[in-house]
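So this one's protein.txt, compact mmCIF, C-alpha atoms:
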# COMPACT_ATOMS: atom_id res chain seq x y z
CA MET B 1 0.00 0.00 0.00
CA MET B 2 1.27 3.46 -0.88
CA ALA B 3 1.45 5.93 2.01
CA ASN B 4 -1.08 8.25 0.42
CA ASP B 5 -3.61 5.57 -0.54
CA LYS B 6 -7.13 6.18 0.70
CA ILE B 7 -9.01 3.09 1.83
CA ALA B 8 -12.67 2.42 1.07
CA VAL B 9 -14.87 -0.45 2.23
CA VAL B 10 -17.88 -1.42 0.10
CA THR B 11 -20.51 -3.93 1.23
CA GLY B 12 -22.57 -5.91 -1.25
CA SER B 13 -19.95 -5.49 -3.95
CA SER B 14 -20.71 -8.60 -5.99
CA SER B 15 -23.28 -6.90 -8.25
CA GLY B 16 -25.15 -3.75 -9.17
CA ILE B 17 -24.39 -0.48 -7.44
CA GLY B 18 -21.89 -2.12 -5.08
CA LEU B 19 -19.89 -3.64 -7.94
CA MET B 20 -19.81 -0.43 -9.95
CA THR B 21 -19.00 1.69 -6.91
CA THR B 22 -16.06 -0.56 -6.09
CA VAL B 23 -14.64 -0.10 -9.59
CA GLU B 24 -15.31 3.67 -9.62
CA LEU B 25 -13.59 4.19 -6.28
CA ALA B 26 -10.59 2.19 -7.50
CA LEU B 27 -10.48 4.31 -10.66
CA ASN B 28 -10.47 7.37 -8.42
CA GLY B 29 -7.36 6.20 -6.57
CA TYR B 30 -8.83 4.29 -3.65
CA ARG B 31 -7.72 0.90 -2.49
CA VAL B 32 -11.02 -0.90 -1.96
CA ALA B 33 -11.92 -3.66 0.47
CA ALA B 34 -14.72 -5.18 -1.61
CA THR B 35 -16.93 -7.33 0.59
CA MET B 36 -19.71 -9.80 -0.09
CA ARG B 37 -21.51 -12.65 1.69
CA ASP B 38 -20.38 -15.27 -0.82
CA LEU B 39 -16.92 -14.96 -2.36
CA GLY B 40 -18.05 -17.53 -4.91
CA ARG B 41 -19.95 -14.67 -6.58
CA ARG B 42 -16.87 -12.49 -7.06
CA GLY B 43 -16.48 -13.32 -10.77
CA ARG B 44 -18.46 -10.37 -12.15
CA LEU B 45 -16.56 -7.91 -9.97
CA GLU B 46 -13.18 -9.36 -10.87
CA ASP B 47 -14.02 -9.26 -14.58
CA ALA B 48 -15.17 -5.62 -14.36
CA ALA B 49 -12.12 -4.60 -12.34
CA GLN B 50 -9.78 -6.38 -14.73
CA LYS B 51 -11.40 -4.67 -17.70
CA ALA B 52 -11.03 -1.29 -15.97
CA GLY B 53 -7.41 -1.99 -15.09
CA VAL B 54 -7.90 -1.76 -11.32
CA ARG B 55 -7.95 -5.39 -10.18
CA GLU B 56 -4.75 -4.89 -8.16
CA ARG B 57 -6.46 -2.15 -6.14
CA LEU B 58 -9.11 -4.52 -4.79
CA ASP B 59 -8.99 -6.60 -1.61
CA LEU B 60 -11.86 -9.08 -1.75
CA ARG B 61 -13.20 -10.23 1.62
CA ARG B 62 -16.16 -12.20 2.90
CA LEU B 63 -18.48 -10.14 5.07
CA ASP B 64 -22.12 -10.66 6.03
CA ILE B 65 -23.57 -7.55 7.64
CA THR B 66 -26.12 -9.65 9.57
CA GLU B 67 -23.28 -11.42 11.43
CA SER B 68 -22.87 -8.43 13.72
CA ASP B 69 -20.56 -10.07 16.25
CA SER B 70 -17.94 -10.69 13.55
CA LEU B 71 -17.87 -7.16 12.11
CA PRO B 72 -15.48 -5.46 14.58
CA ASP B 73 -12.87 -8.18 14.03
CA ILE B 74 -13.23 -7.94 10.26
CA VAL B 75 -12.86 -4.15 10.39
CA ASN B 76 -9.84 -4.42 12.69
CA ALA B 77 -8.23 -6.86 10.24
CA MET B 78 -8.74 -4.34 7.44
CA VAL B 79 -7.08 -1.63 9.53
CA ARG B 80 -4.16 -3.93 10.33
CA ASP B 81 -3.67 -4.63 6.64
CA HIS B 82 -4.33 -1.16 5.23
CA GLY B 83 -3.67 1.24 8.11
CA ARG B 84 -6.98 3.13 8.01
CA ILE B 85 -10.54 3.32 6.64
CA ASP B 86 -11.48 6.55 4.88
CA VAL B 87 -14.83 5.57 3.38
CA LEU B 88 -17.51 3.04 4.20
CA VAL B 89 -20.19 2.48 1.55
CA ASN B 90 -23.09 0.60 3.13
CA ASN B 91 -24.69 -0.88 0.04
CA ALA B 92 -25.65 -4.45 1.04
CA GLY B 93 -29.35 -5.17 1.25
CA PHE B 94 -32.40 -6.69 -0.41
CA GLY B 95 -36.08 -5.96 -1.00
CA THR B 96 -39.16 -7.76 0.27
CA GLY B 97 -42.34 -7.42 -1.74
CA GLY B 98 -45.95 -8.11 -0.88
CA PHE B 99 -49.05 -6.58 0.63
CA VAL B 100 -48.64 -5.83 4.33
CA GLU B 101 -51.59 -8.14 5.00
CA ASP B 102 -49.71 -11.04 3.38
CA MET B 103 -46.37 -10.48 5.10
CA SER B 104 -45.42 -12.35 8.25
CA LEU B 105 -43.65 -10.66 11.14
CA ALA B 106 -40.72 -13.03 10.58
CA GLU B 107 -40.37 -11.76 7.00
CA LEU B 108 -40.53 -8.15 8.18
CA ARG B 109 -37.92 -8.81 10.87
CA HIS B 110 -35.61 -10.41 8.31
CA GLN B 111 -35.92 -7.30 6.13
CA MET B 112 -35.08 -5.02 9.07
CA GLU B 113 -32.25 -7.26 10.26
CA THR B 114 -30.38 -6.77 7.00
CA ASN B 115 -31.29 -3.35 5.66
CA PHE B 116 -31.39 -1.58 9.00
CA PHE B 117 -29.60 -3.44 11.78
CA GLY B 118 -26.91 -4.82 9.47
CA ASN B 119 -26.00 -1.38 8.18
CA VAL B 120 -26.14 0.06 11.69
CA ALA B 121 -23.77 -2.64 12.92
CA MET B 122 -21.35 -2.01 10.07
CA SER B 123 -21.40 1.74 10.69
CA LYS B 124 -20.74 1.23 14.39
CA ALA B 125 -17.83 -1.10 13.59
CA VAL B 126 -15.95 1.64 11.68
CA LEU B 127 -16.75 4.52 14.03
CA PRO B 128 -13.85 3.87 16.47
CA VAL B 129 -11.43 3.81 13.52
CA MET B 130 -12.75 7.05 12.04
CA ARG B 131 -12.90 8.70 15.48
CA ALA B 132 -9.21 7.90 16.02
CA GLN B 133 -8.38 9.31 12.55
CA ARG B 134 -10.73 12.28 13.09
CA SER B 135 -11.90 11.73 9.54
CA GLY B 136 -14.01 9.45 7.39
CA HIS B 137 -17.15 9.15 5.29
CA ILE B 138 -20.04 6.77 5.99
CA ILE B 139 -22.19 6.63 2.86
CA GLN B 140 -25.54 4.88 3.26
CA VAL B 141 -27.10 3.68 0.01
CA THR B 142 -30.78 4.00 0.89
CA SER B 143 -33.51 4.72 -1.67
CA VAL B 144 -36.20 7.16 -2.62
CA ALA B 145 -38.25 4.54 -0.73
CA GLY B 146 -36.57 5.89 2.40
CA ARG B 147 -38.45 9.15 1.87
CA MET B 148 -41.78 7.91 0.50
CA ALA B 149 -43.32 4.44 0.63
CA ALA B 150 -44.83 2.59 -2.31
CA PRO B 151 -47.52 -0.10 -2.05
CA LEU B 152 -46.28 -3.68 -1.73
CA LEU B 153 -42.87 -2.34 -0.65
CA GLY B 154 -43.85 -1.45 2.90
CA ALA B 155 -41.21 -3.64 4.57
CA TYR B 156 -38.45 -2.35 2.29
CA ALA B 157 -39.55 1.25 2.83
CA ALA B 158 -39.69 0.74 6.60
CA SER B 159 -36.09 -0.50 6.63
CA LYS B 160 -34.92 2.48 4.57
CA PHE B 161 -36.96 5.00 6.59
CA ALA B 162 -35.34 3.60 9.74
CA LEU B 163 -31.84 3.83 8.30
CA GLU B 164 -32.44 7.40 7.16
CA GLY B 165 -33.65 8.51 10.60
CA TRP B 166 -30.78 6.79 12.40
CA SER B 167 -28.26 8.28 9.97
CA GLU B 168 -29.62 11.81 10.43
CA ALA B 169 -28.95 11.53 14.17
CA LEU B 170 -25.54 9.94 13.62
CA ARG B 171 -24.49 12.70 11.21
CA ILE B 172 -25.08 15.39 13.82
CA GLU B 173 -23.38 13.37 16.55
CA VAL B 174 -20.12 12.74 14.65
CA HIS B 175 -19.77 15.87 12.51
CA SER B 176 -17.48 17.59 15.03
CA LEU B 177 -15.26 14.49 15.01
CA GLY B 178 -14.50 14.93 11.31
CA ILE B 179 -16.82 12.10 10.24
CA ARG B 180 -19.33 12.74 7.47
CA VAL B 181 -22.53 10.70 7.18
CA VAL B 182 -24.32 10.83 3.82
CA LEU B 183 -27.52 9.34 2.39
CA VAL B 184 -27.57 8.43 -1.32
CA GLU B 185 -31.16 7.85 -2.44
CA PRO B 186 -31.48 6.18 -5.86
CA GLY B 187 -34.69 5.84 -7.80
CA ASP B 188 -35.32 3.02 -10.27
CA TYR B 189 -31.98 1.58 -11.40
CA ASP B 190 -31.20 -1.68 -13.17
CA THR B 191 -29.80 -3.79 -10.32
CA ASP B 192 -30.35 -7.20 -8.72
CA ILE B 193 -32.83 -5.62 -6.30
CA TRP B 194 -35.48 -6.47 -8.92
CA ASP B 195 -34.60 -10.13 -9.35
CA ARG B 196 -31.93 -11.99 -7.37
CA ASN B 197 -32.19 -9.64 -4.37
CA VAL B 198 -35.97 -9.54 -4.12
CA VAL B 199 -37.95 -11.74 -1.74
CA ILE B 200 -41.70 -12.19 -2.20
CA ALA B 201 -43.78 -12.75 0.93
CA ARG B 202 -44.89 -16.38 0.99
CA GLN B 203 -48.55 -15.60 1.51
CA ALA B 204 -48.52 -13.25 -1.50
CA THR B 205 -48.19 -16.20 -3.87
CA ASP B 206 -50.68 -18.41 -2.05
CA PRO B 207 -53.94 -18.96 -3.99
CA SER B 208 -55.81 -18.25 -0.75
CA SER B 209 -54.44 -14.71 -0.48
CA PRO B 210 -57.23 -12.15 -0.88
CA ASN B 211 -54.68 -9.95 -2.63
CA ARG B 212 -53.50 -12.47 -5.21
CA GLU B 213 -55.08 -10.76 -8.22
CA ARG B 214 -53.92 -7.30 -7.17
CA SER B 215 -50.42 -8.67 -6.53
CA GLN B 216 -50.29 -10.01 -10.07
CA ARG B 217 -51.32 -6.64 -11.47
CA PHE B 218 -48.57 -4.97 -9.46
CA VAL B 219 -46.01 -7.47 -10.81
CA GLU B 220 -47.12 -6.59 -14.34
CA PHE B 221 -46.65 -2.90 -13.52
CA VAL B 222 -43.10 -3.54 -12.25
CA GLN B 223 -42.26 -5.60 -15.34
CA SER B 224 -43.59 -2.86 -17.63
CA ARG B 225 -41.04 -0.45 -16.19
CA ALA B 226 -38.00 -2.69 -16.70
CA ALA B 227 -36.88 -0.98 -19.91
CA LYS B 228 -36.95 2.41 -18.17
CA ARG B 229 -34.51 1.50 -15.42
CA ARG B 230 -31.34 3.52 -15.55
CA ASP B 231 -27.68 2.51 -15.53
CA PRO B 232 -26.45 2.10 -11.92
CA LEU B 233 -23.11 3.53 -13.03
CA GLU B 234 -24.74 6.94 -12.46
CA VAL B 235 -25.11 6.11 -8.77
CA ALA B 236 -21.59 4.69 -8.52
CA ARG B 237 -20.09 7.86 -9.96
CA LEU B 238 -22.11 9.99 -7.55
CA ILE B 239 -20.86 7.93 -4.60
CA ALA B 240 -17.26 8.33 -5.78
CA ARG B 241 -17.74 12.10 -5.94
CA VAL B 242 -19.31 12.21 -2.49
CA ALA B 243 -16.46 10.12 -1.07
CA SER B 244 -13.96 12.77 -2.16
CA ASP B 245 -16.03 15.74 -0.97
CA SER B 246 -14.77 17.07 2.36
CA ASN B 247 -18.10 18.69 3.15
CA PRO B 248 -20.90 16.65 1.51
CA LYS B 249 -24.62 17.26 1.92
CA LEU B 250 -26.76 14.95 4.02
CA ARG B 251 -28.91 13.72 1.11
CA TYR B 252 -28.33 13.04 -2.57
CA LEU B 253 -31.50 12.06 -4.43
CA ILE B 254 -30.60 10.56 -7.80
CA GLY B 255 -32.67 9.53 -10.80
CA PRO B 256 -35.33 11.48 -12.70
CA ASP B 257 -38.09 9.15 -11.51
CA ALA B 258 -37.08 9.69 -7.86
CA LYS B 259 -37.10 13.45 -8.28
CA THR B 260 -40.47 13.39 -10.03
CA GLN B 261 -41.97 11.20 -7.31
CA MET B 262 -40.73 13.52 -4.58
CA LEU B 263 -42.11 16.53 -6.44
CA PHE B 264 -45.56 14.96 -6.79
CA ARG B 265 -45.49 13.90 -3.14
CA ALA B 266 -44.65 17.45 -2.05
CA LEU B 267 -47.16 19.28 -4.28
CA LEU B 268 -50.24 17.07 -4.36
CA PRO B 269 -52.77 16.77 -1.56
CA TRP B 270 -52.42 13.35 0.03
CA ARG B 271 -55.80 12.02 -1.11
CA ARG B 272 -55.07 12.89 -4.71
CA TYR B 273 -51.55 11.50 -4.46
CA GLU B 274 -52.66 8.15 -3.04
CA ARG B 275 -55.32 7.70 -5.72
CA MET B 276 -52.73 8.42 -8.40
CA ILE B 277 -50.28 5.85 -6.97
CA ALA B 278 -52.99 3.19 -6.63
CA ARG B 279 -54.01 3.66 -10.27
CA MET B 280 -50.46 3.77 -11.54
CA THR B 281 -49.42 0.57 -9.75
CA ARG B 282 -52.68 -1.13 -10.80
CA ILE B 283 -53.78 -2.10 -7.31
CA GLY B 284 -56.69 0.37 -7.06
Would you give me this structure, written as structure tokens?
Amino acid sequence: MMANDKIAVVTGSSSGIGLMTTVELALNGYRVAATMRDLGRRGRLEDAAQKAGVRERLDLRRLDITESDSLPDIVNAMVRDHGRIDVLVNNAGFGTGGFVEDMSLAELRHQMETNFFGNVAMSKAVLPVMRAQRSGHIIQVTSVAGRMAAPLLGAYAASKFALEGWSEALRIEVHSLGIRVVLVEPGDYDTDIWDRNVVIARQATDPSSPNRERSQRFVEFVQSRAAKRRDPLEVARLIARVASDSNPKLRYLIGPDAKTQMLFRALLPWRRYERMIARMTRIG
């Protein structure tokens, strides 16, 4: 490691935004600890890094953010090997879909355990390191769903709302220590969140569900939007810029659909807004 290397840690780096962020940070001069639950899925990242000419700047490590007891030791091992941690990108997570009525408490808890508690645990694991350095960025990849909830994505939205609230408090608490906490809120991007990283509530697919027909119409709505999803490289490049900004904002909303949704939510009376969303998603 060169003396002036900055060190970034990215969770969920095997695909999507995490993969592209890892490569972008490496292209911007960072040495990146690229982490994932299953190192057997590292092929796509290695191919992308090799193509970009930055494979030697990556340190691939297994890390599961839900294994909270192991995180301090993993972070300490990174510091032993690299000397410091300048940036943490909390990207790991998944989405649970289904009407609230069809979702079990166990499924909701699993969603919160990963998207909220897992990212909280990872943030807490790096705080002592960044406090000692008196510097560092914690970048939470949340979602426009962390600002406004969509039907059938209540569990996902709840996990992102929780992370946003917790991060707001954390930002104020650590700002005087030189640590910057940032929320990156993507809209509809073409990532594994829509296929491999989506979990459908069991009851939602049961023929006995009173919401079965409406669920199917919602699935058709989601599928109809697939061609409109944007390149997640946009998000990765934003994260790389934020990582190098000494005084970043709290929130970065990204994606024209996210900005349009937030505008409608702010301008329309709630009753009109909810009718519009129900019609648009075909559940009304």
Query - Selection near Thr281 in chain B, 12 Å with all atoms listed in the file, sequence-local residues under 5 positions removed, as a list of chain:residue names - result: B:Ala150, B:Pro151, B:Leu152, B:Leu153, B:Arg214, B:Ser215, B:Gln216, B:Arg217, B:Phe218, B:Val219, B:Glu220, B:Phe221, B:Val222, B:Gln223, B:Ser224, B:Arg225, B:Glu274, B:Arg275, B:Met276
Query raised in the report: What does the distance from CA of Asn91 in chain B to CA of Ala258 in chain B come to in Å, to one decimal?
Result: 18.1 Å
Give me, as a PDB file with C-alpha atoms, keeping the file's coordinate frame, all polymer residues having an atom no more than 12 Å from Ala106 in chain B, counting only C-alpha atoms and skipping those fewer than 3 positions away in the same chain.
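Listed below is the output, out-v4.pdb:
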ATOM      1  CA  THR B  96     -39.160  -7.760   0.270  1.00  0.00           C
ATOM      2  CA  ASP B 102     -49.710 -11.040   3.380  1.00  0.00           C
ATOM      3  CA  MET B 103     -46.370 -10.480   5.100  1.00  0.00           C
ATOM      4  CA  ARG B 109     -37.920  -8.810  10.870  1.00  0.00           C
ATOM      5  CA  HIS B 110     -35.610 -10.410   8.310  1.00  0.00           C
ATOM      6  CA  GLN B 111     -35.920  -7.300   6.130  1.00  0.00           C
ATOM      7  CA  MET B 112     -35.080  -5.020   9.070  1.00  0.00           C
ATOM      8  CA  GLU B 113     -32.250  -7.260  10.260  1.00  0.00           C
ATOM      9  CA  ALA B 155     -41.210  -3.640   4.570  1.00  0.00           C
ATOM     10  CA  ALA B 201     -43.780 -12.750   0.930  1.00  0.00           C
ATOM     11  CA  ARG B 202     -44.890 -16.380   0.990  1.00  0.00           C
TER      12      ARG B 202
END
Report summary line: With distances taken over all atoms listed in the file, the candidate from B:Leu268, B:Met20, B:Val129, B:Asn211 nearest Ile283 in chain B is B:Asn211
Report task. Go through B:Val100, B:Pro72, B:Gln261, B:Val181 one by one, measure the shortest atom-to-atom distance of each to Ala169 in chain B using only C-alpha atoms, and give the residue with the smallest value. Result -> B:Val181
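What separates CA of Glu24 in chain B from CA of Val235 in chain B is a distance of 10.1 Å.
Nearest residue to Arg131 in chain B among B:Glu164, B:Asp231, B:Glu173, B:Glu101 is B:Glu173, counting all atoms listed in the file.
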Query raised in the report: What does the distance from CA of Pro248 in chain B to CA of Asp190 in chain B come to in Å, to one decimal?
Result: 25.6 Å
Query raised in the report: Quick one: residues within 7 Å of Arg62 in chain B, all atoms listed in the file counted, chain neighbours fewer than 6 positions away excluded, as a list in words?
Result: Thr35, Met36, Arg37, Asp38 and Leu39 of chain B
